[in-house]
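Colleague: Input: one structure, supplied below.
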Amino acid sequence: MINFNVPPCAENAMKYMEECVRNQKICGDGAYTKKCSQWIEEKTGTAKCLLTTSCTHATEMAALLADIQPGDEVIMPSYTFVSTADAFVLRGAVPVFVDIRPDTMNIDEKKIEEAITDKTRAIVPVHYAGVACEMDTIMEIAGRYGLKVIEDAAQGIMATYKGKALGTFGDYGCFSFHETKNYSMGEGGALLIRDPENVEEAEIIREKGTNRTKFIQGKIDKYTWINYGSSYLPSDMNAAYLYAQLEIAEEINSARLAIWNRYYESLKPLADQGKIELPVVPEGCVHNGHMFYLKVKDGAERKVFMDEYLKAQNGIYAVSHYVPLHTAPAGQRFGRFHGEDRYTTRESERLVRLPMYYGLTMEQVDYICEKVREFYLG
Ligand SMILES: *Cc1c(COP(=O)(O)O)cnc(C)c1O
């Protein structure tokens, strides 16, 4: 059997977590939280990184910071995880879904402008599979209409667009360190803040509406309730687990890219024969091997290929991905789709994700590719 995902764990994880326990430093904003934030700031070039309890929570923070109000509209793809929309729905906003591009499965930047109304406040690009959205176009539109940009870069750490890190283009960028992501702290995430003037408000929201961060930094001698907020601060033990991976981030990244490239090269002949389609990485995008997917003919073929052939007969745990949000009960209740759903539903039904994790061996990848070939060529 080959699992779809195995959570990443670096050799030093136990040592660092044990250190937190021994030193009785297990709450938030400890030494490892600081190390992780600094690492992310240096690596991405963002003005500020705040570690959070999840990417969902980072996005909720961004929605609060962007001052999203009831009735505001937020433009996003429908082909994404629920959190992209939920963070804004919690503020009473309306997610306005636009179609994706079939090549990258990212929001179609050419369809954004026609979805803008006088209620639109923000655009939320999702960098699917760590492949960047067309950020030049998106930032240009946002600038022209005075809209905030909040990047759902849950899958995007270590990936770039024209040399710049994903998560650093918009006002806010959100990373995930869930166990299914390239780097993990079990549950966790990070909020990247582009403009230094927004940092203080973010620190207050993350600390239950208090200026405790300033207190911890020794800038004030007691902290007080300043604004609304919540508890978005992860334990330092989780940060310790994550930091062990960040120390070897390049190694993890190259290992994932090597797997991705092996899949791509091995399956290219099948794609050339028109049996399957492979992912597209546009020029200017450097991805991070977050995901390897292929596309089969349609939903019916996927059922036979993925569930019956790969999983049941060969023990290969390939999986599908998002059911478009506008077709889900909550999506219908809270949001709307602007324009034609030309690709969102059709492409989502054809997509199959193959096993991908740090530690997957080339022998396993070759075995999976062999089985895929066998399915199509006998
Ligand atoms: C994983 C993921 C999230 C949610 O991340 P959590 O850290 O689990 O909250 C949000 N958006 C996308 C695109 C994701 O892949």
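Letters for chains follow the order of the structure tokens (A, B, ...), residue numbers begin at 1 for each chain, and ligand numbers begin at 1 in the order shown.
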Just list the residues in region 152-337 of chain A DSSP gives strand (DSSP E or B) on the backbone, as an MDAnalysis selection string.
Modeller: chainID A and resid 152 160:161 164:165 172:176 189:193 207 210 225 231 277 285:286 292:295 316 319 336:337
Colleague: Excluding region 323-335 of chain A and residues on its chain fewer than 4 positions from it, collect all residues at most 7 Å away from it, counting only C-alpha atoms, and give them as JSON, numbers by chain.
Modeller: {"A": [78, 79, 80, 82, 89, 94, 95, 96, 344, 345, 348]}
Colleague: Could you save those same residues with N, CA and C atoms as a PDB file, in the first residue's frame?
Modeller:
ATOM      1  N   SER A  78     -13.940  29.240  -7.009  1.00  0.00           N
ATOM      2  CA  SER A  78     -14.822  28.287  -6.342  1.00  0.00           C
ATOM      3  C   SER A  78     -14.070  26.984  -6.095  1.00  0.00           C
ATOM      4  N   TYR A  79     -13.044  26.758  -6.943  1.00  0.00           N
ATOM      5  CA  TYR A  79     -12.211  25.560  -6.785  1.00  0.00           C
ATOM      6  C   TYR A  79     -11.147  25.848  -5.733  1.00  0.00           C
ATOM      7  N   THR A  80     -11.519  25.685  -4.464  1.00  0.00           N
ATOM      8  CA  THR A  80     -10.586  25.921  -3.358  1.00  0.00           C
ATOM      9  C   THR A  80     -11.128  25.251  -2.108  1.00  0.00           C
ATOM     10  N   VAL A  82     -12.625  25.171   1.731  1.00  0.00           N
ATOM     11  CA  VAL A  82     -13.702  25.962   2.339  1.00  0.00           C
ATOM     12  C   VAL A  82     -13.200  27.198   3.099  1.00  0.00           C
ATOM     13  N   VAL A  89     -17.044  34.793   5.035  1.00  0.00           N
ATOM     14  CA  VAL A  89     -18.449  34.557   5.367  1.00  0.00           C
ATOM     15  C   VAL A  89     -18.675  34.851   6.858  1.00  0.00           C
ATOM     16  N   VAL A  94     -19.946  38.303   1.145  1.00  0.00           N
ATOM     17  CA  VAL A  94     -20.443  37.402   0.102  1.00  0.00           C
ATOM     18  C   VAL A  94     -19.270  36.959  -0.780  1.00  0.00           C
ATOM     19  N   PRO A  95     -18.940  35.664  -0.784  1.00  0.00           N
ATOM     20  CA  PRO A  95     -17.910  35.213  -1.714  1.00  0.00           C
ATOM     21  C   PRO A  95     -18.467  35.230  -3.137  1.00  0.00           C
ATOM     22  N   VAL A  96     -17.762  35.906  -4.027  1.00  0.00           N
ATOM     23  CA  VAL A  96     -18.166  35.924  -5.437  1.00  0.00           C
ATOM     24  C   VAL A  96     -17.152  35.058  -6.182  1.00  0.00           C
ATOM     25  N   THR A 344     -14.526  25.168 -13.862  1.00  0.00           N
ATOM     26  CA  THR A 344     -14.437  24.809 -12.444  1.00  0.00           C
ATOM     27  C   THR A 344     -14.960  23.389 -12.181  1.00  0.00           C
ATOM     28  N   THR A 345     -16.198  23.133 -12.549  1.00  0.00           N
ATOM     29  CA  THR A 345     -16.788  21.823 -12.272  1.00  0.00           C
ATOM     30  C   THR A 345     -16.169  20.746 -13.152  1.00  0.00           C
ATOM     31  N   SER A 348     -12.517  19.948 -12.135  1.00  0.00           N
ATOM     32  CA  SER A 348     -12.391  19.376 -10.787  1.00  0.00           C
ATOM     33  C   SER A 348     -12.774  17.896 -10.787  1.00  0.00           C
TER      34      SER A 348
END
Colleague: Could you give me, as a tab-separated table, every region 260-341 of chain A residue with an atom at most 12 Å from region 148-153 of chain A, plus its closest atom pair and distance in Å to one decimal, counting only C-alpha atoms, rows ordered by chain then number?
Modeller:
residue	atom	partner	partner_atom	distance
A:His287	CA	A:Ala153	CA	11.7
A:Asn288	CA	A:Ala153	CA	11.7
A:His290	CA	A:Ala153	CA	11.4
Colleague: Could you pull the residues within 7 Å of region 176-184 of chain A, counting only C-alpha atoms, minus those fewer than 4 positions along the same chain, as a list in words?
Modeller: Asn5, Pro7, Pro8, Ser54, Cys55, Ala154, Gln155, Gly188, Gly189, Ala190, Leu242, Gln245 and His290 of chain A
Colleague: Using the selection just defined, write its residues with N, CA, C and O atoms as an mmCIF file, in the first residue's frame.
Modeller:
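Result file is again21.cif:
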data_model
loop_
_atom_site.group_PDB
_atom_site.id
_atom_site.type_symbol
_atom_site.label_atom_id
_atom_site.label_comp_id
_atom_site.auth_asym_id
_atom_site.auth_seq_id
_atom_site.Cartn_x
_atom_site.Cartn_y
_atom_site.Cartn_z
ATOM 1 N N ASN A 5 -0.447 10.655 1.697
ATOM 2 C CA ASN A 5 0.400 11.622 2.405
ATOM 3 C C ASN A 5 0.954 11.005 3.679
ATOM 4 O O ASN A 5 0.291 10.203 4.329
ATOM 5 N N PRO A 7 2.816 12.796 7.038
ATOM 6 C CA PRO A 7 3.219 14.124 7.532
ATOM 7 C C PRO A 7 4.738 14.231 7.657
ATOM 8 O O PRO A 7 5.391 13.271 8.082
ATOM 9 N N PRO A 8 5.302 15.375 7.273
ATOM 10 C CA PRO A 8 6.746 15.530 7.375
ATOM 11 C C PRO A 8 7.204 15.597 8.831
ATOM 12 O O PRO A 8 6.518 16.146 9.680
ATOM 13 N N SER A 54 -3.658 28.199 12.451
ATOM 14 C CA SER A 54 -3.962 27.547 11.169
ATOM 15 C C SER A 54 -3.930 28.591 10.060
ATOM 16 O O SER A 54 -3.888 29.798 10.331
ATOM 17 N N CYS A 55 -3.994 28.107 8.836
ATOM 18 C CA CYS A 55 -4.126 29.019 7.706
ATOM 19 C C CYS A 55 -5.523 29.621 7.698
ATOM 20 O O CYS A 55 -5.717 30.785 7.359
ATOM 21 N N ALA A 154 -1.735 28.878 1.186
ATOM 22 C CA ALA A 154 -1.680 27.694 2.056
ATOM 23 C C ALA A 154 -0.704 26.659 1.505
ATOM 24 O O ALA A 154 0.019 26.006 2.253
ATOM 25 N N GLN A 155 -0.682 26.528 0.181
ATOM 26 C CA GLN A 155 0.167 25.516 -0.463
ATOM 27 C C GLN A 155 1.426 26.133 -1.059
ATOM 28 O O GLN A 155 2.163 25.459 -1.769
ATOM 29 N N GLY A 188 -1.482 24.462 12.095
ATOM 30 C CA GLY A 188 -0.813 25.749 12.240
ATOM 31 C C GLY A 188 -0.767 26.496 10.929
ATOM 32 O O GLY A 188 -1.118 25.960 9.878
ATOM 33 N N GLY A 189 -0.330 27.729 11.012
ATOM 34 C CA GLY A 189 -0.240 28.542 9.807
ATOM 35 C C GLY A 189 0.557 29.799 10.084
ATOM 36 O O GLY A 189 1.187 29.925 11.152
ATOM 37 N N ALA A 190 0.536 30.714 9.131
ATOM 38 C CA ALA A 190 1.235 31.981 9.318
ATOM 39 C C ALA A 190 0.528 33.060 8.529
ATOM 40 O O ALA A 190 -0.015 32.813 7.452
ATOM 41 N N LEU A 242 7.849 22.413 13.833
ATOM 42 C CA LEU A 242 7.970 23.034 12.509
ATOM 43 C C LEU A 242 9.400 23.497 12.236
ATOM 44 O O LEU A 242 9.928 23.306 11.141
ATOM 45 N N GLN A 245 11.866 21.334 10.572
ATOM 46 C CA GLN A 245 11.725 21.187 9.113
ATOM 47 C C GLN A 245 12.221 22.414 8.372
ATOM 48 O O GLN A 245 12.810 22.297 7.295
ATOM 49 N N HIS A 290 4.323 20.834 -4.248
ATOM 50 C CA HIS A 290 3.317 20.537 -3.227
ATOM 51 C C HIS A 290 2.438 19.362 -3.624
ATOM 52 O O HIS A 290 2.058 18.553 -2.789
#
Colleague: Which residue gives the smallest distance to Val280 (chain A) among A:Tyr128, A:Tyr243, A:Phe305, A:Phe337, with only C-alpha atoms counted?
Modeller: A:Tyr128
Colleague: So that I can check the surroundings of Lys297 (chain A), please list as a list in words every protein, DNA and RNA residue that reaches within 9 Å of it, counting only C-alpha atoms and ignoring chain neighbours fewer than 3 positions away.
Modeller: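 The neighbour list is Lys275, Ile276, Glu277, Ala300, Glu301, Arg302 and Arg350 of chain A.
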Colleague: With N, CA, C and O atoms retained, write the just-selected residues as a compact mmCIF listing (two decimals), in the first residue's frame.
Modeller:
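Below is the file that was written, result35.txt:
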# COMPACT_ATOMS: atom_id res chain seq x y z
N LYS A 275 -3.81 10.48 -23.63
CA LYS A 275 -4.55 9.64 -22.67
C LYS A 275 -4.89 10.42 -21.40
O LYS A 275 -5.93 10.20 -20.80
N ILE A 276 -3.95 11.24 -20.96
CA ILE A 276 -4.14 12.02 -19.73
C ILE A 276 -3.63 13.44 -19.98
O ILE A 276 -3.00 13.70 -21.01
N GLU A 277 -3.89 14.34 -19.01
CA GLU A 277 -3.28 15.68 -19.08
C GLU A 277 -2.44 15.88 -17.83
O GLU A 277 -2.77 15.39 -16.76
N ALA A 300 -16.47 9.85 -14.72
CA ALA A 300 -16.73 8.40 -14.81
C ALA A 300 -15.41 7.64 -14.92
O ALA A 300 -15.20 6.63 -14.24
N GLU A 301 -14.50 8.16 -15.75
CA GLU A 301 -13.20 7.49 -15.88
C GLU A 301 -12.41 7.58 -14.57
O GLU A 301 -11.71 6.65 -14.17
N ARG A 302 -12.56 8.71 -13.88
CA ARG A 302 -11.84 8.87 -12.60
C ARG A 302 -12.27 7.81 -11.59
O ARG A 302 -11.43 7.27 -10.87
N ARG A 350 -12.18 15.80 -13.11
CA ARG A 350 -11.21 14.98 -13.86
C ARG A 350 -9.89 14.82 -13.12
O ARG A 350 -9.00 14.10 -13.56
Colleague: Determine the nearest neighbour of Thr104 (chain A) from the options A:Gly339, A:Gly163, A:Gly130, A:Gly92, counting only C-alpha atoms.
Modeller: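 Closest to Thr104 (chain A), using only C-alpha atoms: A:Gly130.
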Colleague: Between A:Ser37, A:Thr84, A:Thr52, A:Thr46, single out the one closest to ligand 1, counting only C-alpha atoms and all ligand atoms.
Modeller: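 For ligand 1, the nearest of the candidates is A:Thr84.
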Colleague: What lies within 12 Å of Glu363 (chain A) using only C-alpha atoms, ignoring chain neighbours under 6 positions off, as a PyMOL selection string?
Modeller: chain A and resi 2+259+262-263+369-370
Colleague: Would you put the residues from that selection into a file with N, CA, C and O atoms, as a CSV table (one decimal), in the first residue's frame?
Modeller:
chain,number,residue,atom,x,y,z
A,2,ILE,N,0.5,2.2,-0.8
A,2,ILE,CA,1.2,3.5,-0.8
A,2,ILE,C,0.2,4.6,-0.3
A,2,ILE,O,-0.8,4.9,-1.0
A,259,ILE,N,10.6,14.2,-6.9
A,259,ILE,CA,9.4,13.3,-7.1
A,259,ILE,C,8.5,13.9,-8.2
A,259,ILE,O,8.1,13.1,-9.1
A,262,ARG,N,10.0,13.4,-11.6
A,262,ARG,CA,10.0,12.0,-12.0
A,262,ARG,C,8.6,11.6,-12.5
A,262,ARG,O,8.5,10.9,-13.5
A,263,TYR,N,7.6,12.0,-11.8
A,263,TYR,CA,6.2,11.7,-12.2
A,263,TYR,C,6.0,12.3,-13.6
A,263,TYR,O,5.4,11.7,-14.5
A,369,CYS,N,3.8,5.0,-11.5
A,369,CYS,CA,3.8,5.4,-12.9
A,369,CYS,C,3.5,4.2,-13.8
A,369,CYS,O,2.8,4.2,-14.8
A,370,GLU,N,4.2,3.1,-13.4
A,370,GLU,CA,4.0,1.8,-14.1
A,370,GLU,C,2.5,1.4,-14.2
A,370,GLU,O,2.0,1.0,-15.2
Colleague: For Leu192 (chain A), please output as a list in words all residues within 7 Å (counting only C-alpha atoms; exclusion window: fewer than 3 positions along the same chain).
Modeller: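 In the requested format, the answer is Thr46, Lys48, Cys49, Leu50, Gly167, Thr168, Tyr172, Gly173 and Cys174 of chain A.
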Colleague: Between A:Thr56, A:Thr44, A:Thr160, A:Thr224, which one has atoms that come closest to ligand 1, using only C-alpha atoms and all ligand atoms?
Modeller: A:Thr56
Colleague: Using DSSP secondary structure from the backbone, list all helix (DSSP H, G or I) positions within region 170-199 of chain A, as JSON, numbers by chain.
Modeller: {"A": [196, 197, 198, 199]}
Colleague: Using N, CA and C atoms, can you write the selected residues to a file as a PDB file, in the first residue's frame?
Modeller:
ATOM      1  N   PRO A 196       4.315  47.491   7.040  1.00  0.00           N
ATOM      2  CA  PRO A 196       4.638  47.579   8.473  1.00  0.00           C
ATOM      3  C   PRO A 196       3.557  48.288   9.301  1.00  0.00           C
ATOM      4  N   GLU A 197       2.815  49.219   8.687  1.00  0.00           N
ATOM      5  CA  GLU A 197       1.803  49.946   9.480  1.00  0.00           C
ATOM      6  C   GLU A 197       0.627  49.059   9.914  1.00  0.00           C
ATOM      7  N   ASN A 198       0.512  47.862   9.334  1.00  0.00           N
ATOM      8  CA  ASN A 198      -0.584  46.969   9.736  1.00  0.00           C
ATOM      9  C   ASN A 198      -0.173  45.946  10.795  1.00  0.00           C
ATOM     10  N   VAL A 199       1.099  45.968  11.169  1.00  0.00           N
ATOM     11  CA  VAL A 199       1.622  44.930  12.062  1.00  0.00           C
ATOM     12  C   VAL A 199       1.016  45.023  13.464  1.00  0.00           C
TER      13      VAL A 199
END
Colleague: Work out how far CA of Arg256 (chain A) is from CA of Ser320 (chain A), in Å to one decimal.
Modeller: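 Taking CA of Ser320 (chain A) as the start and CA of Arg256 (chain A) as the end point, the length is 19.5 Å.
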Colleague: Might you pull out every residue within 10 Å of Tyr232 (chain A), with only C-alpha atoms counted and same-chain residues fewer than 2 positions away left off, and present them as a list in words?
Modeller: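 Surrounding residues, per the criterion: Gly28, Leu50, Leu51, Thr52, Thr53, Ser54, His57, Ala58, Glu60, Met61, Gly188, Gly189, Ala190, Glu203, Ile205, Arg206, Glu207, Lys208, Gly229, Ser230, Pro234 and Ser235 of chain A.
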Colleague: Work out how far CA of Ala129 (chain A) is from CA of Asn261 (chain A), in Å to one decimal.
Modeller: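 So the two atoms, CA of Asn261 (chain A) and CA of Ala129 (chain A), lie 14.1 Å apart.
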Colleague: Would you mind reading off the distance between CA of Tyr322 (chain A) and CA of Lys295 (chain A), one decimal, in Å?
Modeller: 13.8 Å
Colleague: Which residue gives the smallest distance to ligand 1 among A:Met158, A:Ile220, A:Leu278, A:Met185, with only C-alpha atoms and all ligand atoms counted?
Modeller: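 Among the listed residues, A:Met185 lies closest to ligand 1.
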Colleague: For His338 (chain A), which residue out of A:Pro125, A:Pro77, A:Pro355, A:Gly170 is the nearest one, using only C-alpha atoms?
Modeller: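 Looking at the shortest contact to His338 (chain A), the residue is A:Pro77.
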